[in-house]
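Source file data.txt; content: compact mmCIF, C-alpha atoms.
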```txt
# COMPACT_ATOMS: atom_id res chain seq x y z
CA MET A 726 -54.63 12.81 5.23
CA SER A 727 -52.96 13.00 1.90
CA PRO A 728 -49.24 12.10 1.53
CA ASP A 729 -48.28 15.77 1.75
CA GLY A 730 -50.04 16.16 5.13
CA ILE A 731 -53.12 18.06 3.92
CA SER A 732 -56.50 16.86 5.21
CA LEU A 733 -58.86 15.79 2.46
CA ALA A 734 -62.21 17.54 2.73
CA HIS A 735 -64.65 14.73 2.04
CA GLY A 736 -62.57 11.62 2.56
CA ILE A 737 -62.69 10.88 -1.15
CA GLY A 738 -59.90 8.35 -0.70
CA GLY A 739 -62.12 6.41 1.71
CA ALA A 740 -63.56 6.55 5.22
CA ARG A 741 -60.12 5.89 6.71
CA ASP A 742 -58.98 9.30 5.39
CA LEU A 743 -61.56 11.29 7.36
CA PRO A 744 -60.13 13.46 10.15
CA ILE A 745 -62.76 12.13 12.62
CA SER A 746 -63.78 8.64 13.69
CA PRO A 747 -66.52 6.81 11.72
CA GLU A 748 -68.74 6.82 14.82
CA LEU A 749 -68.60 10.63 15.02
CA ALA A 750 -69.23 10.95 11.28
CA ILE A 751 -72.31 8.71 11.50
CA ALA A 752 -73.59 10.48 14.64
CA GLY A 753 -73.14 13.87 12.98
CA GLY A 754 -74.98 12.75 9.85
CA VAL A 755 -77.86 11.30 11.86
CA ALA A 756 -78.09 14.44 13.98
CA ALA A 757 -78.15 16.67 10.88
CA LEU A 758 -80.94 14.61 9.32
CA VAL A 759 -83.03 14.44 12.50
CA VAL A 760 -82.74 18.18 13.18
CA SER A 761 -83.43 19.23 9.58
CA PHE A 762 -86.44 16.95 9.11
CA THR A 763 -87.84 17.94 12.52
CA VAL A 764 -87.56 21.62 11.64
CA LEU A 765 -89.20 20.98 8.27
CA ALA A 766 -92.03 18.96 9.81
CA VAL A 767 -92.75 21.56 12.49
CA ALA A 768 -92.06 24.87 10.75
CA TRP A 769 -93.11 24.23 7.14
CA ARG A 770 -96.60 22.78 7.19
CA SER A 771 -97.96 24.59 4.14
CA PRO A 772 -96.39 25.42 0.75
CA ARG A 773 -94.67 28.78 0.65
CA TYR A 774 -93.57 28.95 -2.97
CA ASP A 775 -95.91 28.54 -5.89
CA GLU A 776 -95.76 29.58 -9.51
CA ALA A 777 -98.62 32.06 -9.21
CA THR A 778 -97.01 34.26 -6.56
CA SER A 779 -93.27 33.67 -6.93
CA GLY A 780 -90.73 35.10 -9.34
CA ARG A 781 -90.90 37.67 -12.12
CA LEU A 782 -91.97 37.35 -15.73
CA ALA A 783 -89.15 37.04 -18.23
CA PRO A 784 -88.91 39.47 -21.16
CA ALA A 785 -91.07 38.34 -24.09
CA LEU A 786 -88.14 37.55 -26.40
CA LEU A 787 -86.39 35.43 -23.75
CA ALA A 788 -89.65 33.67 -22.85
CA ARG A 789 -90.27 32.77 -26.52
CA LEU A 790 -86.72 31.44 -26.86
CA VAL A 791 -86.85 29.34 -23.69
CA ASP A 792 -90.33 28.00 -24.43
CA SER A 793 -89.49 27.06 -28.02
CA THR A 794 -89.45 23.41 -29.01
CA ALA A 795 -85.96 23.70 -30.52
CA PHE A 796 -84.48 25.09 -27.29
CA ARG A 797 -86.10 22.34 -25.19
CA ALA A 798 -84.89 19.70 -27.65
CA ALA A 799 -81.35 21.11 -27.48
CA LEU A 800 -81.42 20.92 -23.66
CA ARG A 801 -82.65 17.31 -23.85
CA VAL A 802 -79.80 16.47 -26.22
CA VAL A 803 -77.33 18.07 -23.78
CA GLY A 804 -78.77 15.96 -20.97
CA MET A 805 -78.48 12.74 -22.99
CA VAL A 806 -74.91 13.56 -24.07
CA LEU A 807 -73.98 14.18 -20.42
CA LEU A 808 -75.59 10.86 -19.44
CA VAL A 809 -73.67 8.93 -22.10
CA TYR A 810 -70.41 10.68 -21.19
CA SER A 811 -70.96 9.96 -17.49
CA ALA A 812 -71.83 6.32 -18.15
CA VAL A 813 -68.74 5.84 -20.31
CA ALA A 814 -66.54 7.51 -17.69
CA ALA A 815 -68.04 5.40 -14.90
CA VAL A 816 -67.95 2.06 -16.71
CA LEU A 817 -64.92 2.30 -18.98
CA GLY A 818 -62.84 4.84 -17.08
CA LYS A 819 -59.89 3.87 -14.92
CA ASP A 820 -60.55 3.32 -11.22
CA LEU A 821 -58.56 6.39 -10.21
CA LEU A 822 -59.40 9.65 -8.50
CA THR A 823 -58.69 11.40 -11.80
CA ASN A 824 -61.72 9.69 -13.38
CA PRO A 825 -64.11 12.52 -14.34
CA ILE A 826 -67.13 10.72 -12.86
CA PHE A 827 -66.20 12.02 -9.39
CA GLY A 828 -66.27 15.63 -10.56
CA ILE A 829 -69.43 15.08 -12.58
CA PHE A 830 -71.30 13.50 -9.71
CA TYR A 831 -70.02 15.32 -6.63
CA VAL A 832 -69.34 18.77 -8.07
CA TRP A 833 -71.51 19.39 -11.13
CA TRP A 834 -74.52 17.21 -10.36
CA TRP A 835 -74.68 17.10 -6.56
CA VAL A 836 -73.51 20.64 -5.75
CA GLY A 837 -73.71 22.52 -9.06
CA LEU A 838 -77.41 21.97 -9.74
CA VAL A 839 -78.44 23.97 -6.68
CA PRO A 840 -76.93 27.33 -7.71
CA LEU A 841 -77.83 26.70 -11.35
CA SER A 842 -81.45 26.09 -10.38
CA LEU A 843 -81.48 29.18 -8.17
CA LEU A 844 -80.21 31.30 -11.05
CA LEU A 845 -81.94 29.69 -14.03
CA GLY A 846 -84.96 27.82 -12.66
CA PRO A 847 -85.60 24.08 -12.90
CA VAL A 848 -82.39 23.11 -14.74
CA TRP A 849 -82.62 19.41 -13.93
CA LYS A 850 -86.20 19.26 -15.21
CA ALA A 851 -84.98 20.68 -18.53
CA ILE A 852 -81.95 18.40 -19.05
CA SER A 853 -83.02 15.26 -17.17
CA PRO A 854 -82.26 12.19 -19.31
CA VAL A 855 -84.95 10.25 -17.44
CA ARG A 856 -87.57 12.74 -18.62
CA THR A 857 -86.20 12.48 -22.17
CA ILE A 858 -86.38 8.68 -22.11
CA ASN A 859 -89.90 8.88 -20.63
CA LEU A 860 -90.94 11.28 -23.40
CA ALA A 861 -89.53 8.91 -26.04
CA PHE A 862 -91.42 5.93 -24.58
CA ALA A 863 -94.59 8.04 -24.37
CA LYS A 864 -94.26 9.07 -28.04
CA VAL A 865 -93.76 5.44 -29.09
CA SER A 866 -96.62 4.09 -26.97
CA GLY A 867 -98.97 7.01 -27.58
CA SER A 868 -99.40 7.71 -23.86
CA ASP A 869 -99.24 10.93 -21.90
CA PRO A 870 -95.65 11.61 -20.68
CA ASP A 871 -96.94 13.53 -17.64
CA ARG A 872 -99.22 10.77 -16.43
CA GLY A 873 -97.03 7.68 -16.19
CA LEU A 874 -98.02 4.03 -15.94
CA TYR A 875 -99.44 4.03 -12.42
CA ASP A 876 -101.50 6.40 -10.31
CA TYR A 877 -99.64 6.72 -7.03
CA PRO A 878 -101.34 8.10 -3.92
CA SER A 879 -100.81 11.86 -3.85
CA ALA A 880 -99.11 11.66 -0.45
CA TRP A 881 -96.31 9.60 -2.05
CA VAL A 882 -95.64 12.16 -4.74
CA THR A 883 -96.19 15.44 -2.89
CA GLY A 884 -95.36 14.37 0.66
CA PRO A 885 -91.91 15.28 1.96
CA ARG A 886 -91.02 11.81 3.18
CA LEU A 887 -90.49 9.77 0.01
CA PRO A 888 -88.32 12.25 -1.95
CA ALA A 889 -86.27 13.07 1.16
CA CYS A 890 -85.74 9.44 2.08
CA SER A 891 -84.83 8.43 -1.47
CA ARG A 892 -82.33 11.31 -1.73
CA SER A 893 -80.78 10.40 1.64
CA CYS A 894 -80.50 6.74 0.67
CA GLY A 895 -79.00 7.74 -2.67
CA TRP A 896 -76.41 9.86 -0.90
CA SER A 897 -75.50 7.16 1.62
CA SER A 898 -75.15 4.57 -1.13
CA SER A 899 -72.73 6.79 -3.04
CA THR A 900 -70.53 7.67 -0.09
CA PRO A 901 -67.34 5.64 0.26
CA THR A 902 -67.45 3.12 3.09
CA PRO A 903 -64.66 0.91 4.37
CA PRO A 904 -64.58 -2.58 2.81
CA SER A 905 -65.15 -4.24 6.18
CA SER A 906 -68.10 -2.04 7.12
CA ASP A 907 -71.39 -3.80 7.68
CA ARG A 908 -73.14 -0.52 8.56
CA SER A 909 -73.49 0.89 5.08
CA GLY A 910 -77.20 1.75 5.36
CA CYS A 911 -79.87 1.94 2.64
CA GLY A 912 -78.25 -0.81 0.62
CA ALA A 913 -75.00 1.09 0.22
CA ARG A 914 -72.16 -0.56 -1.62
CA SER A 915 -68.75 -0.94 -0.11
CA THR A 916 -65.77 0.35 -2.00
CA SER A 917 -62.85 -2.00 -2.14
CA ARG A 918 -59.40 -1.45 -3.52
```
For this file, produce the structure as structure tokens.
Amino acid sequence: MSPDGISLAHGIGGARDLPISPELAIAGGVAALVVSFTVLAVAWRSPRYDEATSGRLAPALLARLVDSTAFRAALRVVGMVLLVYSAVAAVLGKDLLTNPIFGIFYVWWWVGLVPLSLLLGPVWKAISPVRTINLAFAKVSGSDPDRGLYDYPSAWVTGPRLPACSRSCGWSSSTPTPPSSDRSGCGARSTSR
């Protein structure tokens, strides 16, 4: 609870601020993951969305604009500027809840990309700083930016397990845990004050 008696929605102040016990929070998270992955494994065995049968064609003028090299370069610059701003806020910013990194990560990046991608298509693919850095290394080395350094087994790349597990571990490592917690999971860091 906050000092004025209002419950904080996500326990941003720490796990002690959650309105339920840590055991119930962990049990609920585990149950949500088990149910969702079970439903996905049983009900979604074949791809249902592909580029050939999904969506509508954009008007020619809009398609030319979006596919232009200048527009893609501008989006890559936006992604790199956002990365630098986020890194500066995270590293040099004050350790306060007013630090913009919380809003950037939890609101814009974690929650905001979903509706943006639903409305505009693969937004993260367009602004991803990792893709921009990969493209720069590929230009310097003369390699293909779509190929990469290693050929991974196709099940690693297209299978549902690796991306889902990495996303879940990324979430659990970014969630505040009490300093005395030894159950942080997936290599999560403990926040201390």
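You will find CA of Gly780 (chain A) at 15.6 Å from CA of Val848 (chain A).
Distance annotation: of A:Val836, A:Ala766, A:Ala799, A:Met805, the residue with the minimal separation from Thr857 (chain A) is A:Met805; atom set is all atoms listed in the file.
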Practice prompt. Report the distance between CA of Ile826 (chain A) and CA of Val809 (chain A) in Å, rounded to one decimal place.
Written response: 11.5 Å
Practice prompt. Please provide as a count of residues only all residues within 10 Å of Pro825 (chain A), with the sequence filter that same-chain residues fewer than 4 positions apart are discarded (counting all atoms listed in the file).
Written response: 9
Worksheet item: For Val791 (chain A), which residue among A:Pro854, A:Gly867, A:Gly828, A:Gly846 is the nearest when counting only C-alpha atoms?
Response: A:Gly846
Please extract region 763-883 of chain A and write it out with C-alpha atoms, as a PDB file, in the first residue's frame.
```pdb
ATOM      1  CA  THR A 763      -0.713 -26.279 -22.165  1.00  0.00           C
ATOM      2  CA  VAL A 764      -3.461 -24.619 -24.185  1.00  0.00           C
ATOM      3  CA  LEU A 765      -0.918 -23.506 -26.796  1.00  0.00           C
ATOM      4  CA  ALA A 766       0.655 -26.962 -27.018  1.00  0.00           C
ATOM      5  CA  VAL A 767      -2.693 -28.726 -27.385  1.00  0.00           C
ATOM      6  CA  ALA A 768      -4.794 -26.266 -29.389  1.00  0.00           C
ATOM      7  CA  TRP A 769      -2.273 -24.586 -31.699  1.00  0.00           C
ATOM      8  CA  ARG A 770      -0.312 -27.309 -33.448  1.00  0.00           C
ATOM      9  CA  SER A 771      -0.064 -25.664 -36.862  1.00  0.00           C
ATOM     10  CA  PRO A 772       0.544 -22.038 -37.910  1.00  0.00           C
ATOM     11  CA  ARG A 773      -2.626 -20.029 -38.359  1.00  0.00           C
ATOM     12  CA  TYR A 774      -1.239 -16.711 -39.540  1.00  0.00           C
ATOM     13  CA  ASP A 775       1.041 -16.328 -42.512  1.00  0.00           C
ATOM     14  CA  GLU A 776       1.889 -13.445 -44.790  1.00  0.00           C
ATOM     15  CA  ALA A 777       0.265 -15.007 -47.848  1.00  0.00           C
ATOM     16  CA  THR A 778      -3.240 -15.266 -46.391  1.00  0.00           C
ATOM     17  CA  SER A 779      -3.369 -12.626 -43.650  1.00  0.00           C
ATOM     18  CA  GLY A 780      -3.954  -8.898 -43.795  1.00  0.00           C
ATOM     19  CA  ARG A 781      -4.732  -6.456 -46.587  1.00  0.00           C
ATOM     20  CA  LEU A 782      -2.470  -4.721 -49.072  1.00  0.00           C
ATOM     21  CA  ALA A 783      -1.602  -1.140 -48.223  1.00  0.00           C
ATOM     22  CA  PRO A 784      -2.285   1.642 -50.742  1.00  0.00           C
ATOM     23  CA  ALA A 785       0.564   1.986 -53.248  1.00  0.00           C
ATOM     24  CA  LEU A 786       1.729   5.394 -51.998  1.00  0.00           C
ATOM     25  CA  LEU A 787       1.854   4.218 -48.369  1.00  0.00           C
ATOM     26  CA  ALA A 788       3.606   0.984 -49.361  1.00  0.00           C
ATOM     27  CA  ARG A 789       6.296   2.932 -51.273  1.00  0.00           C
ATOM     28  CA  LEU A 790       6.819   5.256 -48.301  1.00  0.00           C
ATOM     29  CA  VAL A 791       7.074   2.453 -45.734  1.00  0.00           C
ATOM     30  CA  ASP A 792       9.318   0.321 -47.942  1.00  0.00           C
ATOM     31  CA  SER A 793      11.683   3.186 -48.762  1.00  0.00           C
ATOM     32  CA  THR A 794      15.249   3.061 -47.492  1.00  0.00           C
ATOM     33  CA  ALA A 795      14.978   6.536 -45.949  1.00  0.00           C
ATOM     34  CA  PHE A 796      11.915   5.593 -43.890  1.00  0.00           C
ATOM     35  CA  ARG A 797      13.562   2.390 -42.627  1.00  0.00           C
ATOM     36  CA  ALA A 798      16.733   4.313 -41.779  1.00  0.00           C
ATOM     37  CA  ALA A 799      14.691   6.902 -39.870  1.00  0.00           C
ATOM     38  CA  LEU A 800      13.012   4.137 -37.843  1.00  0.00           C
ATOM     39  CA  ARG A 801      16.416   2.598 -37.077  1.00  0.00           C
ATOM     40  CA  VAL A 802      17.671   5.986 -35.889  1.00  0.00           C
ATOM     41  CA  VAL A 803      14.594   6.314 -33.646  1.00  0.00           C
ATOM     42  CA  GLY A 804      15.323   2.874 -32.192  1.00  0.00           C
ATOM     43  CA  MET A 805      18.968   3.740 -31.490  1.00  0.00           C
ATOM     44  CA  VAL A 806      18.026   7.091 -29.921  1.00  0.00           C
ATOM     45  CA  LEU A 807      15.526   5.299 -27.663  1.00  0.00           C
ATOM     46  CA  LEU A 808      18.203   2.756 -26.705  1.00  0.00           C
ATOM     47  CA  VAL A 809      20.720   5.469 -25.798  1.00  0.00           C
ATOM     48  CA  TYR A 810      18.093   7.437 -23.859  1.00  0.00           C
ATOM     49  CA  SER A 811      17.011   4.298 -21.980  1.00  0.00           C
ATOM     50  CA  ALA A 812      20.597   3.329 -21.192  1.00  0.00           C
ATOM     51  CA  VAL A 813      21.393   6.814 -19.896  1.00  0.00           C
ATOM     52  CA  ALA A 814      18.230   6.847 -17.780  1.00  0.00           C
ATOM     53  CA  ALA A 815      18.980   3.391 -16.382  1.00  0.00           C
ATOM     54  CA  VAL A 816      22.670   3.945 -15.657  1.00  0.00           C
ATOM     55  CA  LEU A 817      22.919   7.628 -14.811  1.00  0.00           C
ATOM     56  CA  GLY A 818      19.388   8.285 -13.574  1.00  0.00           C
ATOM     57  CA  LYS A 819      18.525   8.531  -9.901  1.00  0.00           C
ATOM     58  CA  ASP A 820      17.329   5.367  -8.179  1.00  0.00           C
ATOM     59  CA  LEU A 821      13.806   6.713  -7.719  1.00  0.00           C
ATOM     60  CA  LEU A 822      10.398   5.691  -8.991  1.00  0.00           C
ATOM     61  CA  THR A 823      10.375   8.899 -11.041  1.00  0.00           C
ATOM     62  CA  ASN A 824      13.242   7.575 -13.183  1.00  0.00           C
ATOM     63  CA  PRO A 825      11.834   7.292 -16.734  1.00  0.00           C
ATOM     64  CA  ILE A 826      13.290   3.802 -17.237  1.00  0.00           C
ATOM     65  CA  PHE A 827      10.298   2.296 -15.402  1.00  0.00           C
ATOM     66  CA  GLY A 828       7.826   3.907 -17.783  1.00  0.00           C
ATOM     67  CA  ILE A 829       9.956   3.072 -20.805  1.00  0.00           C
ATOM     68  CA  PHE A 830      10.302  -0.576 -19.878  1.00  0.00           C
ATOM     69  CA  TYR A 831       6.987  -1.444 -18.247  1.00  0.00           C
ATOM     70  CA  VAL A 832       4.625   0.822 -20.176  1.00  0.00           C
ATOM     71  CA  TRP A 833       6.054   1.647 -23.593  1.00  0.00           C
ATOM     72  CA  TRP A 834       8.173  -1.421 -24.275  1.00  0.00           C
ATOM     73  CA  TRP A 835       6.450  -4.218 -22.362  1.00  0.00           C
ATOM     74  CA  VAL A 836       2.810  -3.177 -22.811  1.00  0.00           C
ATOM     75  CA  GLY A 837       2.874  -0.559 -25.577  1.00  0.00           C
ATOM     76  CA  LEU A 838       4.467  -2.693 -28.283  1.00  0.00           C
ATOM     77  CA  VAL A 839       1.509  -5.071 -28.386  1.00  0.00           C
ATOM     78  CA  PRO A 840      -1.154  -2.555 -29.458  1.00  0.00           C
ATOM     79  CA  LEU A 841       1.343  -0.744 -31.683  1.00  0.00           C
ATOM     80  CA  SER A 842       2.170  -4.010 -33.444  1.00  0.00           C
ATOM     81  CA  LEU A 843      -1.511  -4.866 -33.805  1.00  0.00           C
ATOM     82  CA  LEU A 844      -2.182  -1.493 -35.422  1.00  0.00           C
ATOM     83  CA  LEU A 845       1.008  -0.940 -37.421  1.00  0.00           C
ATOM     84  CA  GLY A 846       2.576  -4.369 -37.946  1.00  0.00           C
ATOM     85  CA  PRO A 847       5.999  -5.495 -36.725  1.00  0.00           C
ATOM     86  CA  VAL A 848       7.021  -2.276 -34.951  1.00  0.00           C
ATOM     87  CA  TRP A 849       9.809  -3.860 -32.913  1.00  0.00           C
ATOM     88  CA  LYS A 850      11.331  -5.398 -36.035  1.00  0.00           C
ATOM     89  CA  ALA A 851      11.482  -1.920 -37.577  1.00  0.00           C
ATOM     90  CA  ILE A 852      13.013  -0.043 -34.613  1.00  0.00           C
ATOM     91  CA  SER A 853      14.986  -2.814 -32.888  1.00  0.00           C
ATOM     92  CA  PRO A 854      18.458  -1.517 -31.985  1.00  0.00           C
ATOM     93  CA  VAL A 855      19.768  -5.091 -31.987  1.00  0.00           C
ATOM     94  CA  ARG A 856      18.805  -5.444 -35.653  1.00  0.00           C
ATOM     95  CA  THR A 857      20.460  -2.095 -36.396  1.00  0.00           C
ATOM     96  CA  ILE A 858      23.681  -3.140 -34.671  1.00  0.00           C
ATOM     97  CA  ASN A 859      23.553  -6.498 -36.483  1.00  0.00           C
ATOM     98  CA  LEU A 860      23.099  -4.696 -39.810  1.00  0.00           C
ATOM     99  CA  ALA A 861      26.082  -2.444 -39.055  1.00  0.00           C
ATOM    100  CA  PHE A 862      28.303  -5.437 -38.201  1.00  0.00           C
ATOM    101  CA  ALA A 863      27.107  -7.228 -41.346  1.00  0.00           C
ATOM    102  CA  LYS A 864      27.947  -4.194 -43.510  1.00  0.00           C
ATOM    103  CA  VAL A 865      31.423  -3.959 -41.961  1.00  0.00           C
ATOM    104  CA  SER A 866      32.148  -7.684 -42.230  1.00  0.00           C
ATOM    105  CA  GLY A 867      30.480  -8.161 -45.608  1.00  0.00           C
ATOM    106  CA  SER A 868      28.176 -10.897 -44.320  1.00  0.00           C
ATOM    107  CA  ASP A 869      24.457 -11.419 -44.738  1.00  0.00           C
ATOM    108  CA  PRO A 870      22.518  -9.704 -41.891  1.00  0.00           C
ATOM    109  CA  ASP A 871      19.688 -12.256 -42.141  1.00  0.00           C
ATOM    110  CA  ARG A 872      21.925 -15.285 -41.808  1.00  0.00           C
ATOM    111  CA  GLY A 873      23.945 -14.694 -38.643  1.00  0.00           C
ATOM    112  CA  LEU A 874      27.132 -16.381 -37.463  1.00  0.00           C
ATOM    113  CA  TYR A 875      25.720 -19.812 -36.644  1.00  0.00           C
ATOM    114  CA  ASP A 876      23.126 -22.130 -38.139  1.00  0.00           C
ATOM    115  CA  TYR A 877      20.854 -23.108 -35.274  1.00  0.00           C
ATOM    116  CA  PRO A 878      18.542 -26.109 -35.526  1.00  0.00           C
ATOM    117  CA  SER A 879      15.214 -24.936 -36.919  1.00  0.00           C
ATOM    118  CA  ALA A 880      13.358 -26.219 -33.853  1.00  0.00           C
ATOM    119  CA  TRP A 881      15.280 -23.695 -31.717  1.00  0.00           C
ATOM    120  CA  VAL A 882      14.277 -20.760 -33.862  1.00  0.00           C
ATOM    121  CA  THR A 883      10.715 -21.666 -34.870  1.00  0.00           C
TER     122      THR A 883
END
```
